[in-house]
Amino acid sequence: CSSLAGIMLLEVFLVLGTLLIYFLFSKKKEETLPFKDGWWGRGQKPVTKEDSSIRPFKVETTEEELSDLFRRLDQARFTEPLENSCFHYGTNSVHLRKVVSYWKNQFNWKKQVEVLNKYPQFKTKIQGIDIHFVHVKPPRLPEGQAAKPLLMVHGWPGSFYEFYKIIPLLTDPASHGLGDEHIFEVICPSLPGYGFSEAPHKKDFNSVSAACVFYELMLRLGFDEFYTQGGDWGWLVCTNLAQIAPNHVKGLHLNMVSVSKLGLPHLLSVLLGRYFPGLFGFQDEDVRRMFPFLKKGLYRILSESGYAHIQATKPDTVGCSLNDSPVGLAAYILEKFSSWTDMEFQNLEDGGLERKFSLDDLLTNIMIYWVSGCIVSSMRFYKENLQKGIGTQKHEKLTVQVPTGIAAFPNEILHIPQAWAKKKYTNIVSFHFMPRGGHFAAFEEPELLARDILQFVDKVEKEQLWKK
């Protein structure tokens with residue numbers, strides 16, 4: 001009898017032990033990313049407290065800098081392109097000559113500096129480096145209404161200037177036919193090492209480091225709760241920020257997503273999703289954008305990612321030449337604004353560059369890289385994020401719980417269906433197939449993006465989703 005009781009007790013312990021192990025290892029913990037208080041300034045971190053003052057900033061250029069630029073433009077050497085090569089080999093030098101001619105003879109940088117300075121800009125020191133940001137408050141607010149803080153983060157080879165056309169649509173939506181239910185106070189920082197933000201002086205400054213710096217920036221500006229928006233590197237920095245401070249990020253809006261953890265279901269969906277879309281949660285538009293997968297997925301990634309391999313391995317080598325030659329810099333950056341806006345633009349001799357952008361806008365972005373001398377440090381961000389391998393970082397293994405809105409633009413290089421995205425972003429409240437546009441959404445289609453941000457925030461606010 002006692003041996004029977006002993007066996008029963010052992011069975012109970014085994015069952016309880018099995019259940020305990022199951023819950024410990026199968027239940028997904030709602031983990032957050034730890035906040036890293038780094039030091040990215042020169043030398044040792046000083047013992048004195050960091051100066052946290054916020055200083056006004058204006059873009060300024062000297063006559064010496066401009067005469068040096070024009071001298072370099074005058075001395076440019078061009079290589080004749082292959083016949084009928086259009087933009088298939090990269091920036092076509094026949095068109096590049098025209099761009100350089102416009103740059104020298106018609107482009108008015110001083111006028112563009114006035115455009116850049118029309119929005120208030122500031123600098124503040126965070127974790128040892130000067131952070132530059134644009135901060136635009138609404139011109140008017142209906143009585144009893146508060147502006148919603150929105151952090152917008154750019155990527156490479158863009159800049160804070162990408163947001164100049166969308167800012168008024170968000171800070172003064174009523175004047176642009178977008179209603180006045182939600183009005184934003186917009187903060188657009190330059191990523192460290194980009195534009196007028198100081199470059200980190202130490203190795204290992206990655207997307208999580210940038211997210212920590214921007215989190216500190218938002219708290220310093222007095223925002224305990226805020227929305228975030230991003231594409232390109234802005235996608236990853238804003239995603240990391242939502243993982244670090246889920247109780248402070250009310251909503252995360254992205255115009256690009258990527259997933260680094262691909263398993264057997266993803267592989268099967270790539271092989272069979274075209275024939276059995278419903279089985280994998282694909283919509284008809286997913287199928288249109290993804291298949292045939294060899295052409296629209298694998299081949300496209302291979303043909304468009306050479307730059308990333310260089311920048312993730314030896315950024316300083318190629319960066320030195322680009323920092324020394326404004327024409328080389330323009331060729332390198334313009335190629336991305338061609339193919340990433342629409343892959344079909346490679347079939348045109350002018351790369352379709354002026355179909356979505358003006359030359360003034362494109363050259364203003366290039367000039368931000370040139371006058372700040374930031375191309376090398378901007379490229380290093382690839383090495384810092386990718387040198388340890390894809391899928392190895394803690395943030396890649398963690399899900400995102402904050403309410404997420406995704407605007408999927410049709411000409412983005414790689415389409416990520418909602419069925420894939422929801423494995424990472426577990427609280428997608430808005431996923432829209434946008435009617436047109438590519439990688440530089442805010443720059444190309446500011447109104448489309450603004451409308452999508454507004455409807456997303458409306459959903460989050462009405463249902464108070466961030467509190468759930």
# chains A, B, ... in the order shown; residues from 1 in each chain; ligands from 1
call {"tool": "select_by_dssp", "arguments": {"residues": "segment 263-429 of chain A", "states": "strand (DSSP E)", "output": "MDAnalysis selection string"}}
result
chainID A and resid 404:408 428:429
call {"tool": "select_by_dssp", "arguments": {"residues": "segment 26-262 of chain A", "states": "helix (DSSP H, G or I)", "output": "JSON list (two decimals) with N, CA, C and O atoms, in the first residue's frame"}}
result
[["chain", "number", "residue", "atom", "x", "y", "z"],
["A", 26, "SER", "N", 8.03, 27.02, -22.74],
["A", 26, "SER", "CA", 7.16, 27.23, -23.90],
["A", 26, "SER", "C", 6.49, 28.59, -23.86],
["A", 26, "SER", "O", 6.20, 29.17, -24.88],
["A", 63, "GLU", "N", 31.89, 80.31, -47.48],
["A", 63, "GLU", "CA", 32.25, 80.50, -48.90],
["A", 63, "GLU", "C", 33.41, 79.57, -49.28],
["A", 63, "GLU", "O", 33.48, 79.09, -50.41],
["A", 64, "GLU", "N", 34.31, 79.33, -48.32],
["A", 64, "GLU", "CA", 35.46, 78.44, -48.58],
["A", 64, "GLU", "C", 34.96, 77.03, -48.91],
["A", 64, "GLU", "O", 35.47, 76.38, -49.84],
["A", 65, "GLU", "N", 33.97, 76.55, -48.15],
["A", 65, "GLU", "CA", 33.43, 75.21, -48.40],
["A", 65, "GLU", "C", 32.80, 75.13, -49.79],
["A", 65, "GLU", "O", 32.95, 74.13, -50.49],
["A", 66, "LEU", "N", 32.08, 76.19, -50.17],
["A", 66, "LEU", "CA", 31.41, 76.19, -51.47],
["A", 66, "LEU", "C", 32.42, 76.28, -52.62],
["A", 66, "LEU", "O", 32.27, 75.59, -53.63],
["A", 67, "SER", "N", 33.45, 77.12, -52.46],
["A", 67, "SER", "CA", 34.44, 77.23, -53.54],
["A", 67, "SER", "C", 35.22, 75.92, -53.68],
["A", 67, "SER", "O", 35.57, 75.50, -54.80],
["A", 68, "ASP", "N", 35.47, 75.24, -52.56],
["A", 68, "ASP", "CA", 36.13, 73.93, -52.60],
["A", 68, "ASP", "C", 35.25, 72.92, -53.35],
["A", 68, "ASP", "O", 35.74, 72.14, -54.18],
["A", 69, "LEU", "N", 33.95, 72.96, -53.08],
["A", 69, "LEU", "CA", 33.01, 72.06, -53.76],
["A", 69, "LEU", "C", 33.04, 72.30, -55.27],
["A", 69, "LEU", "O", 33.15, 71.35, -56.06],
["A", 70, "PHE", "N", 32.92, 73.57, -55.68],
["A", 70, "PHE", "CA", 32.87, 73.88, -57.11],
["A", 70, "PHE", "C", 34.18, 73.52, -57.81],
["A", 70, "PHE", "O", 34.17, 73.07, -58.96],
["A", 71, "ARG", "N", 35.29, 73.68, -57.11],
["A", 71, "ARG", "CA", 36.59, 73.27, -57.69],
["A", 71, "ARG", "C", 36.58, 71.77, -57.97],
["A", 71, "ARG", "O", 37.00, 71.32, -59.04],
["A", 72, "ARG", "N", 36.07, 71.00, -57.03],
["A", 72, "ARG", "CA", 36.03, 69.54, -57.19],
["A", 72, "ARG", "C", 35.06, 69.15, -58.31],
["A", 72, "ARG", "O", 35.32, 68.20, -59.06],
["A", 73, "LEU", "N", 33.93, 69.85, -58.39],
["A", 73, "LEU", "CA", 32.97, 69.56, -59.46],
["A", 73, "LEU", "C", 33.58, 69.86, -60.82],
["A", 73, "LEU", "O", 33.38, 69.12, -61.79],
["A", 74, "ASP", "N", 34.35, 70.95, -60.90],
["A", 74, "ASP", "CA", 35.00, 71.34, -62.17],
["A", 74, "ASP", "C", 36.03, 70.31, -62.62],
["A", 74, "ASP", "O", 36.25, 70.13, -63.81],
["A", 93, "SER", "N", 26.65, 57.76, -66.41],
["A", 93, "SER", "CA", 27.47, 58.97, -66.35],
["A", 93, "SER", "C", 27.04, 60.05, -67.33],
["A", 93, "SER", "O", 27.34, 61.23, -67.14],
["A", 94, "VAL", "N", 26.30, 59.69, -68.39],
["A", 94, "VAL", "CA", 25.76, 60.71, -69.29],
["A", 94, "VAL", "C", 24.77, 61.58, -68.50],
["A", 94, "VAL", "O", 24.81, 62.81, -68.56],
["A", 95, "HIS", "N", 23.91, 60.91, -67.72],
["A", 95, "HIS", "CA", 22.96, 61.67, -66.91],
["A", 95, "HIS", "C", 23.67, 62.36, -65.74],
["A", 95, "HIS", "O", 23.32, 63.47, -65.36],
["A", 96, "LEU", "N", 24.69, 61.70, -65.20],
["A", 96, "LEU", "CA", 25.42, 62.28, -64.08],
["A", 96, "LEU", "C", 26.06, 63.62, -64.48],
["A", 96, "LEU", "O", 26.07, 64.56, -63.69],
["A", 97, "ARG", "N", 26.56, 63.71, -65.71],
["A", 97, "ARG", "CA", 27.12, 64.97, -66.21],
["A", 97, "ARG", "C", 26.08, 66.09, -66.16],
["A", 97, "ARG", "O", 26.39, 67.22, -65.79],
["A", 98, "LYS", "N", 24.83, 65.73, -66.52],
["A", 98, "LYS", "CA", 23.74, 66.73, -66.51],
["A", 98, "LYS", "C", 23.44, 67.18, -65.09],
["A", 98, "LYS", "O", 23.20, 68.36, -64.83],
["A", 99, "VAL", "N", 23.46, 66.21, -64.16],
["A", 99, "VAL", "CA", 23.21, 66.54, -62.75],
["A", 99, "VAL", "C", 24.30, 67.46, -62.23],
["A", 99, "VAL", "O", 24.03, 68.46, -61.55],
["A", 100, "VAL", "N", 25.56, 67.14, -62.56],
["A", 100, "VAL", "CA", 26.70, 67.95, -62.09],
["A", 100, "VAL", "C", 26.64, 69.35, -62.70],
["A", 100, "VAL", "O", 26.91, 70.35, -62.02],
["A", 101, "SER", "N", 26.24, 69.44, -63.97],
["A", 101, "SER", "CA", 26.10, 70.74, -64.62],
["A", 101, "SER", "C", 25.03, 71.57, -63.90],
["A", 101, "SER", "O", 25.22, 72.77, -63.64],
["A", 102, "TYR", "N", 23.92, 70.92, -63.56],
["A", 102, "TYR", "CA", 22.86, 71.63, -62.82],
["A", 102, "TYR", "C", 23.37, 72.06, -61.45],
["A", 102, "TYR", "O", 23.11, 73.18, -61.00],
["A", 103, "TRP", "N", 24.10, 71.17, -60.80],
["A", 103, "TRP", "CA", 24.66, 71.44, -59.47],
["A", 103, "TRP", "C", 25.54, 72.69, -59.49],
["A", 103, "TRP", "O", 25.46, 73.55, -58.62],
["A", 104, "LYS", "N", 26.37, 72.78, -60.54],
["A", 104, "LYS", "CA", 27.32, 73.91, -60.65],
["A", 104, "LYS", "C", 26.62, 75.21, -61.06],
["A", 104, "LYS", "O", 26.95, 76.28, -60.56],
["A", 105, "ASN", "N", 25.68, 75.10, -62.00],
["A", 105, "ASN", "CA", 25.18, 76.31, -62.66],
["A", 105, "ASN", "C", 23.80, 76.78, -62.23],
["A", 105, "ASN", "O", 23.48, 77.96, -62.40],
["A", 109, "TRP", "N", 22.32, 76.46, -53.37],
["A", 109, "TRP", "CA", 22.45, 75.88, -52.03],
["A", 109, "TRP", "C", 22.01, 76.86, -50.95],
["A", 109, "TRP", "O", 21.37, 76.48, -49.97],
["A", 110, "LYS", "N", 22.33, 78.14, -51.15],
["A", 110, "LYS", "CA", 21.97, 79.13, -50.12],
["A", 110, "LYS", "C", 20.45, 79.20, -49.95],
["A", 110, "LYS", "O", 19.95, 79.35, -48.83],
["A", 111, "LYS", "N", 19.73, 79.07, -51.05],
["A", 111, "LYS", "CA", 18.26, 79.06, -50.98],
["A", 111, "LYS", "C", 17.79, 77.79, -50.25],
["A", 111, "LYS", "O", 16.86, 77.82, -49.45],
["A", 112, "GLN", "N", 18.45, 76.67, -50.54],
["A", 112, "GLN", "CA", 18.07, 75.41, -49.88],
["A", 112, "GLN", "C", 18.41, 75.43, -48.39],
["A", 112, "GLN", "O", 17.72, 74.80, -47.59],
["A", 113, "VAL", "N", 19.47, 76.15, -48.02],
["A", 113, "VAL", "CA", 19.79, 76.31, -46.60],
["A", 113, "VAL", "C", 18.65, 77.04, -45.89],
["A", 113, "VAL", "O", 18.27, 76.69, -44.77],
["A", 114, "GLU", "N", 18.07, 78.03, -46.57],
["A", 114, "GLU", "CA", 16.90, 78.73, -46.00],
["A", 114, "GLU", "C", 15.73, 77.77, -45.83],
["A", 114, "GLU", "O", 15.01, 77.82, -44.84],
["A", 115, "VAL", "N", 15.56, 76.87, -46.80],
["A", 115, "VAL", "CA", 14.50, 75.85, -46.70],
["A", 115, "VAL", "C", 14.76, 74.95, -45.49],
["A", 115, "VAL", "O", 13.87, 74.67, -44.69],
["A", 116, "LEU", "N", 16.02, 74.49, -45.35],
["A", 116, "LEU", "CA", 16.38, 73.63, -44.22],
["A", 116, "LEU", "C", 16.14, 74.33, -42.88],
["A", 116, "LEU", "O", 15.70, 73.72, -41.92],
["A", 160, "PHE", "N", 17.29, 63.76, -42.35],
["A", 160, "PHE", "CA", 16.12, 64.39, -41.74],
["A", 160, "PHE", "C", 15.30, 65.18, -42.77],
["A", 160, "PHE", "O", 14.10, 65.37, -42.62],
["A", 161, "TYR", "N", 15.95, 65.58, -43.88],
["A", 161, "TYR", "CA", 15.26, 66.37, -44.91],
["A", 161, "TYR", "C", 14.14, 65.58, -45.60],
["A", 161, "TYR", "O", 13.21, 66.17, -46.15],
["A", 162, "GLU", "N", 14.22, 64.24, -45.55],
["A", 162, "GLU", "CA", 13.16, 63.41, -46.14],
["A", 162, "GLU", "C", 11.77, 63.75, -45.59],
["A", 162, "GLU", "O", 10.77, 63.50, -46.25],
["A", 163, "PHE", "N", 11.73, 64.29, -44.38],
["A", 163, "PHE", "CA", 10.44, 64.52, -43.71],
["A", 163, "PHE", "C", 9.89, 65.94, -43.90],
["A", 163, "PHE", "O", 8.83, 66.26, -43.37],
["A", 167, "ILE", "N", 6.01, 66.96, -42.69],
["A", 167, "ILE", "CA", 5.87, 67.66, -41.41],
["A", 167, "ILE", "C", 4.62, 68.55, -41.37],
["A", 167, "ILE", "O", 3.82, 68.43, -40.43],
["A", 168, "PRO", "N", 4.39, 69.43, -42.37],
["A", 168, "PRO", "CA", 3.19, 70.28, -42.28],
["A", 168, "PRO", "C", 1.88, 69.49, -42.33],
["A", 168, "PRO", "O", 0.87, 69.92, -41.76],
["A", 169, "LEU", "N", 1.89, 68.33, -42.98],
["A", 169, "LEU", "CA", 0.66, 67.51, -43.05],
["A", 169, "LEU", "C", 0.32, 66.91, -41.69],
["A", 169, "LEU", "O", -0.84, 66.59, -41.42],
["A", 170, "LEU", "N", 1.33, 66.78, -40.83],
["A", 170, "LEU", "CA", 1.12, 66.19, -39.50],
["A", 170, "LEU", "C", 0.96, 67.24, -38.41],
["A", 170, "LEU", "O", 0.23, 67.03, -37.45],
["A", 171, "THR", "N", 1.64, 68.37, -38.57],
["A", 171, "THR", "CA", 1.55, 69.43, -37.54],
["A", 171, "THR", "C", 0.36, 70.35, -37.79],
["A", 171, "THR", "O", -0.11, 71.02, -36.88],
["A", 173, "PRO", "N", -2.68, 69.30, -40.00],
["A", 173, "PRO", "CA", -3.42, 68.47, -40.96],
["A", 173, "PRO", "C", -4.68, 69.15, -41.52],
["A", 173, "PRO", "O", -5.02, 68.95, -42.69],
["A", 174, "ALA", "N", -5.34, 69.97, -40.71],
["A", 174, "ALA", "CA", -6.60, 70.60, -41.16],
["A", 174, "ALA", "C", -6.38, 71.48, -42.38],
["A", 174, "ALA", "O", -7.21, 71.50, -43.30],
["A", 175, "SER", "N", -5.26, 72.20, -42.43],
["A", 175, "SER", "CA", -4.96, 73.08, -43.57],
["A", 175, "SER", "C", -4.67, 72.29, -44.84],
["A", 175, "SER", "O", -4.62, 72.86, -45.94],
["A", 176, "HIS", "N", -4.49, 70.98, -44.72],
["A", 176, "HIS", "CA", -4.19, 70.14, -45.88],
["A", 176, "HIS", "C", -5.30, 69.12, -46.14],
["A", 176, "HIS", "O", -5.08, 68.09, -46.77],
["A", 207, "SER", "N", 21.84, 49.78, -33.88],
["A", 207, "SER", "CA", 20.46, 50.30, -33.86],
["A", 207, "SER", "C", 19.93, 50.40, -32.43],
["A", 207, "SER", "O", 19.16, 51.31, -32.11],
["A", 208, "VAL", "N", 20.31, 49.46, -31.56],
["A", 208, "VAL", "CA", 19.86, 49.51, -30.16],
["A", 208, "VAL", "C", 20.47, 50.72, -29.46],
["A", 208, "VAL", "O", 19.79, 51.42, -28.69],
["A", 209, "SER", "N", 21.75, 51.00, -29.76],
["A", 209, "SER", "CA", 22.40, 52.19, -29.20],
["A", 209, "SER", "C", 21.67, 53.45, -29.64],
["A", 209, "SER", "O", 21.43, 54.36, -28.83],
["A", 210, "ALA", "N", 21.32, 53.52, -30.94],
["A", 210, "ALA", "CA", 20.60, 54.69, -31.46],
["A", 210, "ALA", "C", 19.23, 54.81, -30.80],
["A", 210, "ALA", "O", 18.80, 55.92, -30.46],
["A", 211, "ALA", "N", 18.55, 53.68, -30.59],
["A", 211, "ALA", "CA", 17.24, 53.70, -29.95],
["A", 211, "ALA", "C", 17.34, 54.23, -28.52],
["A", 211, "ALA", "O", 16.49, 55.01, -28.07],
["A", 212, "CYS", "N", 18.39, 53.84, -27.81],
["A", 212, "CYS", "CA", 18.60, 54.32, -26.44],
["A", 212, "CYS", "C", 18.84, 55.83, -26.43],
["A", 212, "CYS", "O", 18.31, 56.55, -25.58],
["A", 213, "VAL", "N", 19.63, 56.31, -27.40],
["A", 213, "VAL", "CA", 19.90, 57.76, -27.50],
["A", 213, "VAL", "C", 18.62, 58.52, -27.79],
["A", 213, "VAL", "O", 18.33, 59.55, -27.16],
["A", 214, "PHE", "N", 17.79, 58.00, -28.71],
["A", 214, "PHE", "CA", 16.55, 58.71, -29.06],
["A", 214, "PHE", "C", 15.50, 58.62, -27.95],
["A", 214, "PHE", "O", 14.69, 59.53, -27.77],
["A", 215, "TYR", "N", 15.53, 57.53, -27.20],
["A", 215, "TYR", "CA", 14.63, 57.41, -26.04],
["A", 215, "TYR", "C", 14.99, 58.49, -25.02],
["A", 215, "TYR", "O", 14.12, 59.20, -24.48],
["A", 216, "GLU", "N", 16.29, 58.65, -24.80],
["A", 216, "GLU", "CA", 16.76, 59.69, -23.88],
["A", 216, "GLU", "C", 16.39, 61.09, -24.40],
["A", 216, "GLU", "O", 16.01, 61.97, -23.63],
["A", 217, "LEU", "N", 16.49, 61.26, -25.71],
["A", 217, "LEU", "CA", 16.12, 62.54, -26.32],
["A", 217, "LEU", "C", 14.64, 62.86, -26.05],
["A", 217, "LEU", "O", 14.31, 63.98, -25.64],
["A", 218, "MET", "N", 13.76, 61.89, -26.27],
["A", 218, "MET", "CA", 12.33, 62.12, -26.07],
["A", 218, "MET", "C", 12.01, 62.43, -24.60],
["A", 218, "MET", "O", 11.20, 63.32, -24.30],
["A", 219, "LEU", "N", 12.66, 61.73, -23.69],
["A", 219, "LEU", "CA", 12.45, 62.00, -22.26],
["A", 219, "LEU", "C", 12.97, 63.40, -21.91],
["A", 219, "LEU", "O", 12.33, 64.13, -21.15],
["A", 220, "ARG", "N", 14.11, 63.78, -22.50],
["A", 220, "ARG", "CA", 14.68, 65.10, -22.23],
["A", 220, "ARG", "C", 13.76, 66.20, -22.73],
["A", 220, "ARG", "O", 13.70, 67.28, -22.14],
["A", 233, "TRP", "N", 16.66, 52.26, -41.90],
["A", 233, "TRP", "CA", 17.18, 52.07, -40.54],
["A", 233, "TRP", "C", 16.18, 52.58, -39.49],
["A", 233, "TRP", "O", 16.17, 52.10, -38.36],
["A", 234, "GLY", "N", 15.36, 53.56, -39.88],
["A", 234, "GLY", "CA", 14.35, 54.07, -38.96],
["A", 234, "GLY", "C", 13.40, 52.97, -38.51],
["A", 234, "GLY", "O", 12.92, 52.97, -37.37],
["A", 235, "TRP", "N", 13.14, 51.99, -39.41],
["A", 235, "TRP", "CA", 12.32, 50.83, -39.04],
["A", 235, "TRP", "C", 12.94, 50.10, -37.85],
["A", 235, "TRP", "O", 12.25, 49.78, -36.87],
["A", 236, "LEU", "N", 14.24, 49.84, -37.94],
["A", 236, "LEU", "CA", 14.88, 49.04, -36.90],
["A", 236, "LEU", "C", 15.07, 49.83, -35.60],
["A", 236, "LEU", "O", 14.84, 49.31, -34.51],
["A", 237, "VAL", "N", 15.46, 51.10, -35.73],
["A", 237, "VAL", "CA", 15.66, 51.93, -34.54],
["A", 237, "VAL", "C", 14.34, 52.10, -33.78],
["A", 237, "VAL", "O", 14.29, 51.97, -32.56],
["A", 238, "CYS", "N", 13.26, 52.37, -34.52],
["A", 238, "CYS", "CA", 11.95, 52.53, -33.88],
["A", 238, "CYS", "C", 11.44, 51.21, -33.30],
["A", 238, "CYS", "O", 10.82, 51.19, -32.23],
["A", 239, "THR", "N", 11.73, 50.11, -33.99],
["A", 239, "THR", "CA", 11.37, 48.78, -33.46],
["A", 239, "THR", "C", 12.10, 48.52, -32.15],
["A", 239, "THR", "O", 11.50, 48.09, -31.16],
["A", 240, "ASN", "N", 13.40, 48.80, -32.12],
["A", 240, "ASN", "CA", 14.19, 48.61, -30.89],
["A", 240, "ASN", "C", 13.69, 49.51, -29.77],
["A", 240, "ASN", "O", 13.64, 49.09, -28.61],
["A", 241, "LEU", "N", 13.29, 50.72, -30.10],
["A", 241, "LEU", "CA", 12.77, 51.66, -29.10],
["A", 241, "LEU", "C", 11.49, 51.10, -28.49],
["A", 241, "LEU", "O", 11.28, 51.19, -27.27],
["A", 242, "ALA", "N", 10.65, 50.49, -29.32],
["A", 242, "ALA", "CA", 9.41, 49.87, -28.81],
["A", 242, "ALA", "C", 9.72, 48.67, -27.93],
["A", 242, "ALA", "O", 8.95, 48.34, -27.02],
["A", 243, "GLN", "N", 10.87, 48.01, -28.18],
["A", 243, "GLN", "CA", 11.27, 46.87, -27.35],
["A", 243, "GLN", "C", 11.90, 47.33, -26.03],
["A", 243, "GLN", "O", 11.81, 46.63, -25.02],
["A", 244, "ILE", "N", 12.55, 48.49, -26.06],
["A", 244, "ILE", "CA", 13.20, 49.03, -24.85],
["A", 244, "ILE", "C", 12.17, 49.66, -23.92],
["A", 244, "ILE", "O", 12.22, 49.48, -22.71]]
call {"tool": "residues_around", "arguments": {"residues": "Lys125 of chain A", "least_positions_apart": "2", "cutoff": "8 Å", "atoms": "only C-alpha atoms", "output": "number ranges by chain"}}
result
A: 50-54, 123, 127-131
call {"tool": "write_last_selection", "arguments": {"atoms": "C-alpha atoms", "output": "PDB file, in the first residue's frame"}}
result
ATOM      1  CA  GLU A  50      26.879  65.557 -18.935  1.00  0.00           C
ATOM      2  CA  ASP A  51      25.610  68.936 -20.118  1.00  0.00           C
ATOM      3  CA  SER A  52      21.962  68.188 -20.985  1.00  0.00           C
ATOM      4  CA  SER A  53      21.121  71.655 -22.341  1.00  0.00           C
ATOM      5  CA  ILE A  54      19.285  71.961 -25.669  1.00  0.00           C
ATOM      6  CA  LYS A 123      21.478  70.021 -30.752  1.00  0.00           C
ATOM      7  CA  GLN A 127      25.903  59.690 -24.195  1.00  0.00           C
ATOM      8  CA  GLY A 128      28.904  61.802 -25.213  1.00  0.00           C
ATOM      9  CA  ILE A 129      27.851  62.895 -28.735  1.00  0.00           C
ATOM     10  CA  ASP A 130      25.935  65.879 -30.117  1.00  0.00           C
ATOM     11  CA  ILE A 131      22.508  64.888 -31.426  1.00  0.00           C
TER      12      ILE A 131
END
call {"tool": "closest_residue", "arguments": {"among": "A:Leu262, A:Phe205, A:Ala419, A:Ser305", "to": "Ile390 of chain A", "atoms": "only C-alpha atoms"}}
result
A:Leu262
call {"tool": "atom_distance", "arguments": {"atom1": "atom CA of Phe280 of chain A", "atom2": "atom CA of Gly438 of chain A"}}
result
25.1 Å
